[in-house]
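Asks: Got a file for you: upload-v1.cif, mmCIF, C-alpha atoms.
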```cif
data_input
#
loop_
_atom_site.label_atom_id
_atom_site.label_comp_id
_atom_site.auth_asym_id
_atom_site.auth_seq_id
_atom_site.Cartn_x
_atom_site.Cartn_y
_atom_site.Cartn_z
CA MET J 455 -33.01 -22.74 15.05
CA SER J 456 -29.64 -21.45 14.06
CA ALA J 457 -28.65 -21.41 10.41
CA PRO J 458 -26.22 -24.11 9.34
CA TYR J 459 -22.68 -22.87 8.98
CA SER J 460 -20.30 -23.67 6.17
CA THR J 461 -17.67 -26.30 6.77
CA HIS J 462 -15.71 -25.31 3.65
CA VAL J 463 -12.04 -24.74 4.40
CA PRO J 464 -9.93 -22.88 1.84
CA ALA J 465 -7.20 -24.98 0.30
CA SER J 466 -4.64 -22.38 1.35
CA ALA J 467 -5.50 -23.08 4.99
CA VAL J 468 -4.50 -26.74 4.56
CA VAL J 469 -1.72 -26.59 1.97
CA PRO J 470 0.68 -23.67 2.36
CA PRO J 471 1.31 -21.58 -0.76
CA VAL J 472 4.19 -22.83 -2.88
CA ARG J 473 6.89 -20.20 -3.07
CA ARG J 474 9.31 -20.27 -6.00
CA PRO J 475 12.19 -17.96 -5.05
CA TYR J 476 14.51 -18.99 -7.88
CA ALA J 477 11.87 -18.29 -10.51
CA ALA J 478 11.07 -15.01 -8.77
CA VAL J 479 14.69 -13.83 -8.84
CA PHE J 480 15.17 -14.84 -12.48
CA ARG J 481 12.01 -13.02 -13.54
CA LEU J 482 13.00 -9.94 -11.58
CA LEU J 483 16.34 -9.91 -13.39
CA ILE J 484 14.53 -10.08 -16.75
CA ALA J 485 12.31 -7.17 -15.73
CA LEU J 486 15.36 -5.17 -14.64
CA ALA J 487 17.17 -5.92 -17.92
CA ALA J 488 14.19 -4.65 -19.93
CA ALA J 489 13.85 -1.56 -17.74
CA THR J 490 17.59 -0.85 -18.00
CA GLY J 491 17.56 -1.04 -21.79
CA ILE J 492 14.61 1.33 -21.96
CA ALA J 493 16.21 3.75 -19.48
CA ILE J 494 19.39 3.87 -21.55
CA ASP J 495 17.44 4.61 -24.72
CA LEU J 496 15.48 7.34 -22.95
CA SER J 497 18.76 8.94 -21.86
CA LEU J 498 19.97 9.06 -25.47
CA ALA J 499 16.87 10.39 -27.26
CA SER J 500 13.58 12.12 -26.57
CA PRO J 501 10.78 10.07 -24.97
CA GLY J 502 8.48 10.78 -27.92
CA ARG J 503 10.95 9.14 -30.26
CA VAL J 504 11.97 6.23 -28.03
CA LEU J 505 8.44 5.27 -27.03
CA GLY J 506 7.42 5.06 -30.68
CA TYR J 507 9.36 1.82 -31.19
CA PHE J 508 7.65 -1.56 -30.97
CA THR J 509 10.74 -2.89 -29.20
CA VAL J 510 10.48 -0.35 -26.40
CA GLN J 511 6.72 -0.77 -26.00
CA SER J 512 6.99 -4.57 -25.90
CA ASN J 513 9.82 -4.39 -23.37
CA LEU J 514 7.74 -2.09 -21.20
CA LEU J 515 5.18 -4.89 -21.15
CA VAL J 516 7.96 -7.35 -20.31
CA ALA J 517 9.13 -5.24 -17.36
CA LEU J 518 5.62 -4.87 -15.95
CA VAL J 519 4.45 -8.45 -16.47
CA LEU J 520 7.69 -10.04 -15.26
CA ALA J 521 7.79 -7.84 -12.16
CA VAL J 522 4.26 -8.94 -11.24
CA SER J 523 5.09 -12.56 -12.08
CA ALA J 524 8.20 -12.39 -9.89
CA ARG J 525 6.18 -11.07 -6.96
CA ARG J 526 3.63 -13.86 -7.35
CA ALA J 527 6.32 -16.54 -7.51
CA TRP J 528 8.04 -15.11 -4.42
CA SER J 529 4.85 -14.98 -2.35
CA GLY J 530 3.40 -18.27 -3.61
CA ARG J 531 0.38 -16.69 -5.27
CA PRO J 532 -1.10 -18.26 -8.43
CA PRO J 533 0.85 -17.43 -11.59
CA LEU J 534 -0.39 -15.05 -14.25
CA ARG J 535 -2.50 -16.39 -17.08
CA PRO J 536 -0.41 -18.33 -19.63
CA ALA J 537 -2.03 -16.42 -22.50
CA LEU J 538 -0.62 -13.17 -21.05
CA THR J 539 2.91 -14.39 -20.33
CA THR J 540 3.16 -16.11 -23.73
CA ALA J 541 1.92 -12.97 -25.49
CA VAL J 542 4.73 -10.99 -23.85
CA LEU J 543 7.21 -13.65 -24.97
CA LEU J 544 5.84 -13.51 -28.52
CA TYR J 545 6.20 -9.72 -28.76
CA ALA J 546 9.76 -9.78 -27.37
CA LEU J 547 10.74 -12.57 -29.78
CA THR J 548 9.19 -10.65 -32.67
CA ALA J 549 11.19 -7.52 -31.82
CA GLY J 550 14.41 -9.51 -31.52
CA LEU J 551 13.94 -11.55 -34.70
CA VAL J 552 12.94 -8.55 -36.78
CA ARG J 553 15.99 -6.68 -35.51
CA HIS J 554 18.42 -9.50 -36.26
CA LEU J 555 16.87 -10.91 -39.44
CA LEU J 556 15.26 -7.98 -41.25
CA LEU J 557 16.95 -4.77 -40.22
CA SER J 558 20.44 -3.63 -40.99
CA PRO J 559 23.40 -4.50 -38.71
CA LEU J 560 23.52 -2.80 -35.31
CA THR J 561 23.53 0.97 -35.54
CA THR J 562 25.02 3.22 -32.93
CA ASN J 563 24.14 6.63 -31.62
CA GLY J 564 26.87 9.15 -32.35
CA ALA J 565 26.72 10.61 -28.84
CA ALA J 566 27.23 7.37 -26.97
CA PRO J 567 27.66 4.31 -29.24
CA GLY J 568 28.64 2.01 -26.40
CA TRP J 569 25.49 2.72 -24.38
CA HIS J 570 23.26 2.46 -27.44
CA THR J 571 24.74 -0.91 -28.32
CA LEU J 572 24.24 -2.14 -24.75
CA ALA J 573 20.57 -1.14 -24.83
CA ASP J 574 20.17 -2.74 -28.23
CA GLN J 575 21.62 -6.05 -27.03
CA LEU J 576 19.55 -6.02 -23.84
CA LEU J 577 16.24 -5.36 -25.59
CA HIS J 578 16.75 -7.43 -28.75
CA THR J 579 18.85 -10.36 -27.51
CA ALA J 580 19.18 -10.83 -23.76
CA VAL J 581 15.55 -10.23 -22.81
CA PRO J 582 13.97 -12.43 -25.54
CA LEU J 583 16.37 -15.32 -24.82
CA ALA J 584 15.84 -15.05 -21.06
CA LEU J 585 12.07 -14.96 -21.53
CA LEU J 586 12.24 -18.04 -23.73
CA ALA J 587 14.26 -19.87 -21.07
CA ASP J 588 11.78 -18.85 -18.37
CA TRP J 589 8.86 -20.01 -20.52
CA PHE J 590 10.43 -23.40 -21.28
CA LEU J 591 11.94 -24.20 -17.89
CA LEU J 592 10.09 -22.28 -15.19
CA THR J 593 6.52 -21.85 -16.47
CA ARG J 594 3.82 -24.50 -16.39
CA PRO J 595 2.23 -25.51 -19.71
CA GLY J 596 -0.93 -23.45 -20.01
CA GLY J 597 -3.22 -25.28 -22.41
CA LEU J 598 -2.73 -22.74 -25.17
CA ARG J 599 -4.76 -23.05 -28.38
CA ALA J 600 -4.58 -21.71 -31.93
CA ARG J 601 -7.19 -19.06 -31.07
CA HIS J 602 -4.68 -17.48 -28.69
CA ALA J 603 -2.31 -16.86 -31.61
CA LEU J 604 -5.08 -14.92 -33.34
CA LEU J 605 -5.77 -12.85 -30.23
CA TRP J 606 -2.09 -12.05 -29.89
CA LEU J 607 -2.23 -10.28 -33.27
CA LEU J 608 -4.39 -7.50 -31.82
CA TYR J 609 -1.48 -5.60 -30.32
CA PRO J 610 0.75 -5.68 -33.45
CA ALA J 611 -2.26 -4.50 -35.48
CA ALA J 612 -2.86 -1.68 -33.01
CA TYR J 613 0.83 -0.76 -33.15
CA LEU J 614 0.68 -0.59 -36.96
CA ALA J 615 -2.25 1.83 -36.78
CA PHE J 616 -0.44 3.87 -34.12
CA ALA J 617 2.80 4.08 -36.15
CA LEU J 618 1.01 5.14 -39.33
CA LEU J 619 -1.15 7.75 -37.60
CA ARG J 620 1.85 9.08 -35.68
CA GLY J 621 3.91 9.34 -38.87
CA ALA J 622 1.10 11.14 -40.69
CA ALA J 623 0.77 13.64 -37.83
CA LEU J 624 4.49 14.45 -37.64
CA SER J 625 6.06 16.84 -40.09
CA PRO J 626 8.45 15.54 -42.78
CA GLY J 627 12.04 15.44 -41.59
CA THR J 628 11.14 14.59 -37.99
CA PRO J 629 13.69 12.02 -36.66
CA ALA J 630 12.23 8.51 -36.60
CA ARG J 631 8.95 9.81 -38.01
CA TYR J 632 8.34 6.22 -39.07
CA PRO J 633 10.24 4.09 -36.55
CA TYR J 634 11.12 1.25 -38.94
CA PRO J 635 12.18 1.34 -42.61
CA PHE J 636 9.38 -1.01 -43.70
CA LEU J 637 6.84 1.45 -42.24
CA ASP J 638 8.18 4.44 -44.19
CA VAL J 639 5.15 5.62 -46.16
CA PRO J 640 6.99 8.28 -48.24
CA ALA J 641 9.46 5.61 -49.38
CA HIS J 642 7.05 2.71 -50.03
CA GLY J 643 3.55 4.19 -50.17
CA TYR J 644 0.65 2.91 -48.10
CA GLY J 645 0.24 -0.08 -50.41
CA GLY J 646 3.84 -1.20 -49.94
CA VAL J 647 3.72 -0.65 -46.19
CA LEU J 648 0.47 -2.61 -45.80
CA ALA J 649 1.81 -5.44 -47.97
CA GLY J 650 4.91 -5.67 -45.78
CA ALA J 651 2.73 -5.48 -42.66
CA LEU J 652 0.66 -8.43 -43.88
CA LEU J 653 3.80 -10.50 -44.39
CA LEU J 654 5.07 -9.56 -40.95
CA GLY J 655 1.66 -10.32 -39.46
CA ALA J 656 1.75 -13.77 -41.05
CA PHE J 657 5.18 -14.30 -39.51
CA ILE J 658 3.92 -13.27 -36.05
CA LEU J 659 0.91 -15.56 -36.44
CA ALA J 660 3.15 -18.47 -37.40
CA LEU J 661 5.40 -17.78 -34.41
CA GLY J 662 2.37 -17.61 -32.12
CA LEU J 663 1.05 -20.91 -33.48
CA ALA J 664 4.48 -22.45 -32.92
CA LEU J 665 4.45 -21.33 -29.28
CA ALA J 666 0.94 -22.70 -28.81
CA GLY J 667 2.09 -26.02 -30.26
CA LEU J 668 5.26 -26.12 -28.17
CA ASP J 669 3.17 -25.44 -25.08
CA ARG J 670 1.84 -29.00 -25.35
CA LEU J 671 5.33 -30.50 -25.68
CA ARG J 672 7.37 -28.67 -23.06
CA PRO J 673 7.93 -30.43 -19.74
CA ALA J 674 5.79 -29.71 -16.70
CA VAL J 675 7.46 -27.66 -13.99
CA ARG J 676 8.30 -29.56 -10.80
CA GLU J 677 6.93 -27.64 -7.86
CA PRO J 678 8.80 -27.48 -4.54
CA ILE J 679 7.37 -29.80 -1.87
CA ASN J 680 5.62 -28.18 1.07
CA ARG J 681 5.63 -30.35 4.17
CA ILE J 682 2.67 -29.93 6.50
CA SER J 683 4.11 -32.28 9.12
CA PRO J 684 7.62 -33.24 10.14
CA PRO J 685 9.20 -35.85 7.87
CA GLY J 686 9.37 -39.35 9.25
CA PRO J 687 7.64 -42.71 9.11
CA GLY J 688 4.06 -42.10 8.19
CA GLY J 689 4.60 -38.32 8.04
CA LEU J 690 2.45 -36.34 5.67
CA GLU J 691 3.95 -34.35 2.83
#
```
Let me see the file written as structure tokens.
Replies:
Amino acid sequence: MSAPYSTHVPASAVVPPVRRPYAAVFRLLIALAAATGIAIDLSLASPGRVLGYFTVQSNLLVALVLAVSARRAWSGRPPLRPALTTAVLLYALTAGLVRHLLLSPLTTNGAAPGWHTLADQLLHTAVPLALLADWFLLTRPGGLRARHALLWLLYPAAYLAFALLRGAALSPGTPARYPYPFLDVPAHGYGGVLAGALLLGAFILALGLALAGLDRLRPAVREPINRISPPGPGGLE
């Protein structure tokens, strides 16, 4: 007697994958904007200095995640996990808001102020706003919860440890030894730096909770219709 065979048919064999070319192109442009800003910064300063900034690290994540997300949207593959894409949005928003609200007005590099300003605007303004638009208009609600906001704090905490250890290892007088003024241990002491980090961490947590709450309110994305038979009376869609 022959063994029974499975009659299960994958859903993809019945319903063609839903391609989203407009979302794919928009996400690719965001990835390119992040990569361009980082490339400009790398051309103006040493990699060791540039890669020490939270802004640059978070935009590296943006470029990688958005490039993968664009490929998936173009090919009709399932989207990335909402917890991942929202985390990338949170880090980009944090970098932009800290730059515009806490730090001094835009600074320029003496060698090429125009290029430095362009990179600054790309990484701190254009990319966060474009990501926010993509999240609101082109990304399905993902069932985010408050626990996700707590998980999203792991990377900022790891960055804090990295920045402090890096600063302690570098000799005094090294350019951008501490990449941000509020992380400057010689100026504020470890107590002052940690107190400021706790306040900033509370801000990031509040922003993450706000995104998790907005996830329940934003509109669902309308998917393109795939026809599996010619349109007409009684035709299937």
Asks: Ranking J:Trp569, J:Trp528, J:Tyr632, J:Phe480 by minimum distance to J:Ala615 and counting all atoms listed in the file, which one comes first?
Replies: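 Under the stated criterion, the closest residue is J:Tyr632.
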Asks: Using Å and a single decimal, report how far atom CA of J:Ala527 sits from atom CA of J:Arg474.
Replies: 5.0 Å
Asks: Set out as a Markdown table a contact list for stretch 492-523 of chain J and stretch 550-557 of chain J with a cut-off of 12 Å, giving each residue of stretch 492-523 of chain J that qualifies its closest atom pair and distance in Å to one decimal, counting all atoms listed in the file, ordered by chain and rising residue number.
Replies:
```
| residue | atom | partner | partner_atom | distance |
| --- | --- | --- | --- | --- |
| J:Tyr507 | CA | J:Arg553 | CA | 11.6 |
| J:Phe508 | CA | J:Gly550 | CA | 10.5 |
| J:Thr509 | CA | J:Gly550 | CA | 7.9 |
| J:Val510 | CA | J:Gly550 | CA | 11.2 |
| J:Ser512 | CA | J:Gly550 | CA | 10.5 |
| J:Asn513 | CA | J:Gly550 | CA | 10.7 |
```
Asks: Suppose we keep C-alpha atoms; can you now write the selection as a PDB file, keeping the file's coordinate frame?
Replies:
```pdb
ATOM      1  CA  TYR J 507       9.360   1.820 -31.190  1.00  0.00           C
ATOM      2  CA  PHE J 508       7.650  -1.560 -30.970  1.00  0.00           C
ATOM      3  CA  THR J 509      10.740  -2.890 -29.200  1.00  0.00           C
ATOM      4  CA  VAL J 510      10.480  -0.350 -26.400  1.00  0.00           C
ATOM      5  CA  SER J 512       6.990  -4.570 -25.900  1.00  0.00           C
ATOM      6  CA  ASN J 513       9.820  -4.390 -23.370  1.00  0.00           C
TER       7      ASN J 513
END
```
Asks: Go through J:Ala521, J:Pro533, J:Ala485, J:Val639 and flag the residue nearest J:Val472, using all atoms listed in the file for the distances.
Replies: J:Pro533
Asks: So the first atom is atom CA of J:Ala674 and the second is atom CA of J:Leu486; what is the distance between them in Å, to one decimal place?
Replies: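 These atoms are spaced 26.4 Å apart.
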Asks: Any chance you could work out the residue set of the PyMOL selection byres ((chain J and resi 596) around 12) here, as an MDAnalysis selection string?
Replies: chainID J and resid 533:540 589:590 593:595 597:599 602 665:675
Asks: Excluding J:Gly621 and any residue of its chain fewer than 4 positions from it, enumerate the residues within 10 Å of it, using all atoms listed in the file, and give them as a PyMOL selection string.
Replies: chain J and resi 506+615-617+625-626+628+630-633+637-640
Asks: Rounded to one decimal place, report the atom CA of J:Gly627-atom CA of J:Ala499 distance in Å.
Replies: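 Between these atoms lies a distance of 15.9 Å.
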Asks: Considering only C-alpha atoms, give me a table of residues in stretch 533-582 of chain J that are at most 10 Å from stretch 489-496 of chain J, with the closest atom pair and distance in Å for each, as a Markdown table.
Replies:
```
| residue | atom | partner | partner_atom | distance |
| --- | --- | --- | --- | --- |
| J:Asn563 | CA | J:Asp495 | CA | 9.8 |
| J:Trp569 | CA | J:Ile494 | CA | 6.8 |
| J:His570 | CA | J:Asp495 | CA | 6.8 |
| J:Thr571 | CA | J:Gly491 | CA | 9.7 |
| J:Leu572 | CA | J:Gly491 | CA | 7.4 |
| J:Ala573 | CA | J:Gly491 | CA | 4.3 |
| J:Asp574 | CA | J:Gly491 | CA | 7.2 |
| J:Gln575 | CA | J:Gly491 | CA | 8.3 |
| J:Leu576 | CA | J:Gly491 | CA | 5.7 |
| J:Leu577 | CA | J:Gly491 | CA | 5.9 |
| J:His578 | CA | J:Gly491 | CA | 9.5 |
| J:Val581 | CA | J:Gly491 | CA | 9.5 |
```
Asks: Mind listing as a ChimeraX atom specification all residues within 10 Å of (7.9, -13.6, -29.1), counting only C-alpha atoms?
Replies: /J:512,540-551,582-583,585-586,658,661-662,665
Asks: Padding of 6 Å on every side, edges along x, y and z, all listed atoms of stretch 567-583 of chain J included: what centre and edge lengths in Å, to one decimal, does that box have, as JSON?
Replies:
```
{"center_x": 21.3, "center_y": -5.5, "center_z": -26.0, "size_x": 26.7, "size_y": 31.6, "size_z": 18.4}
```
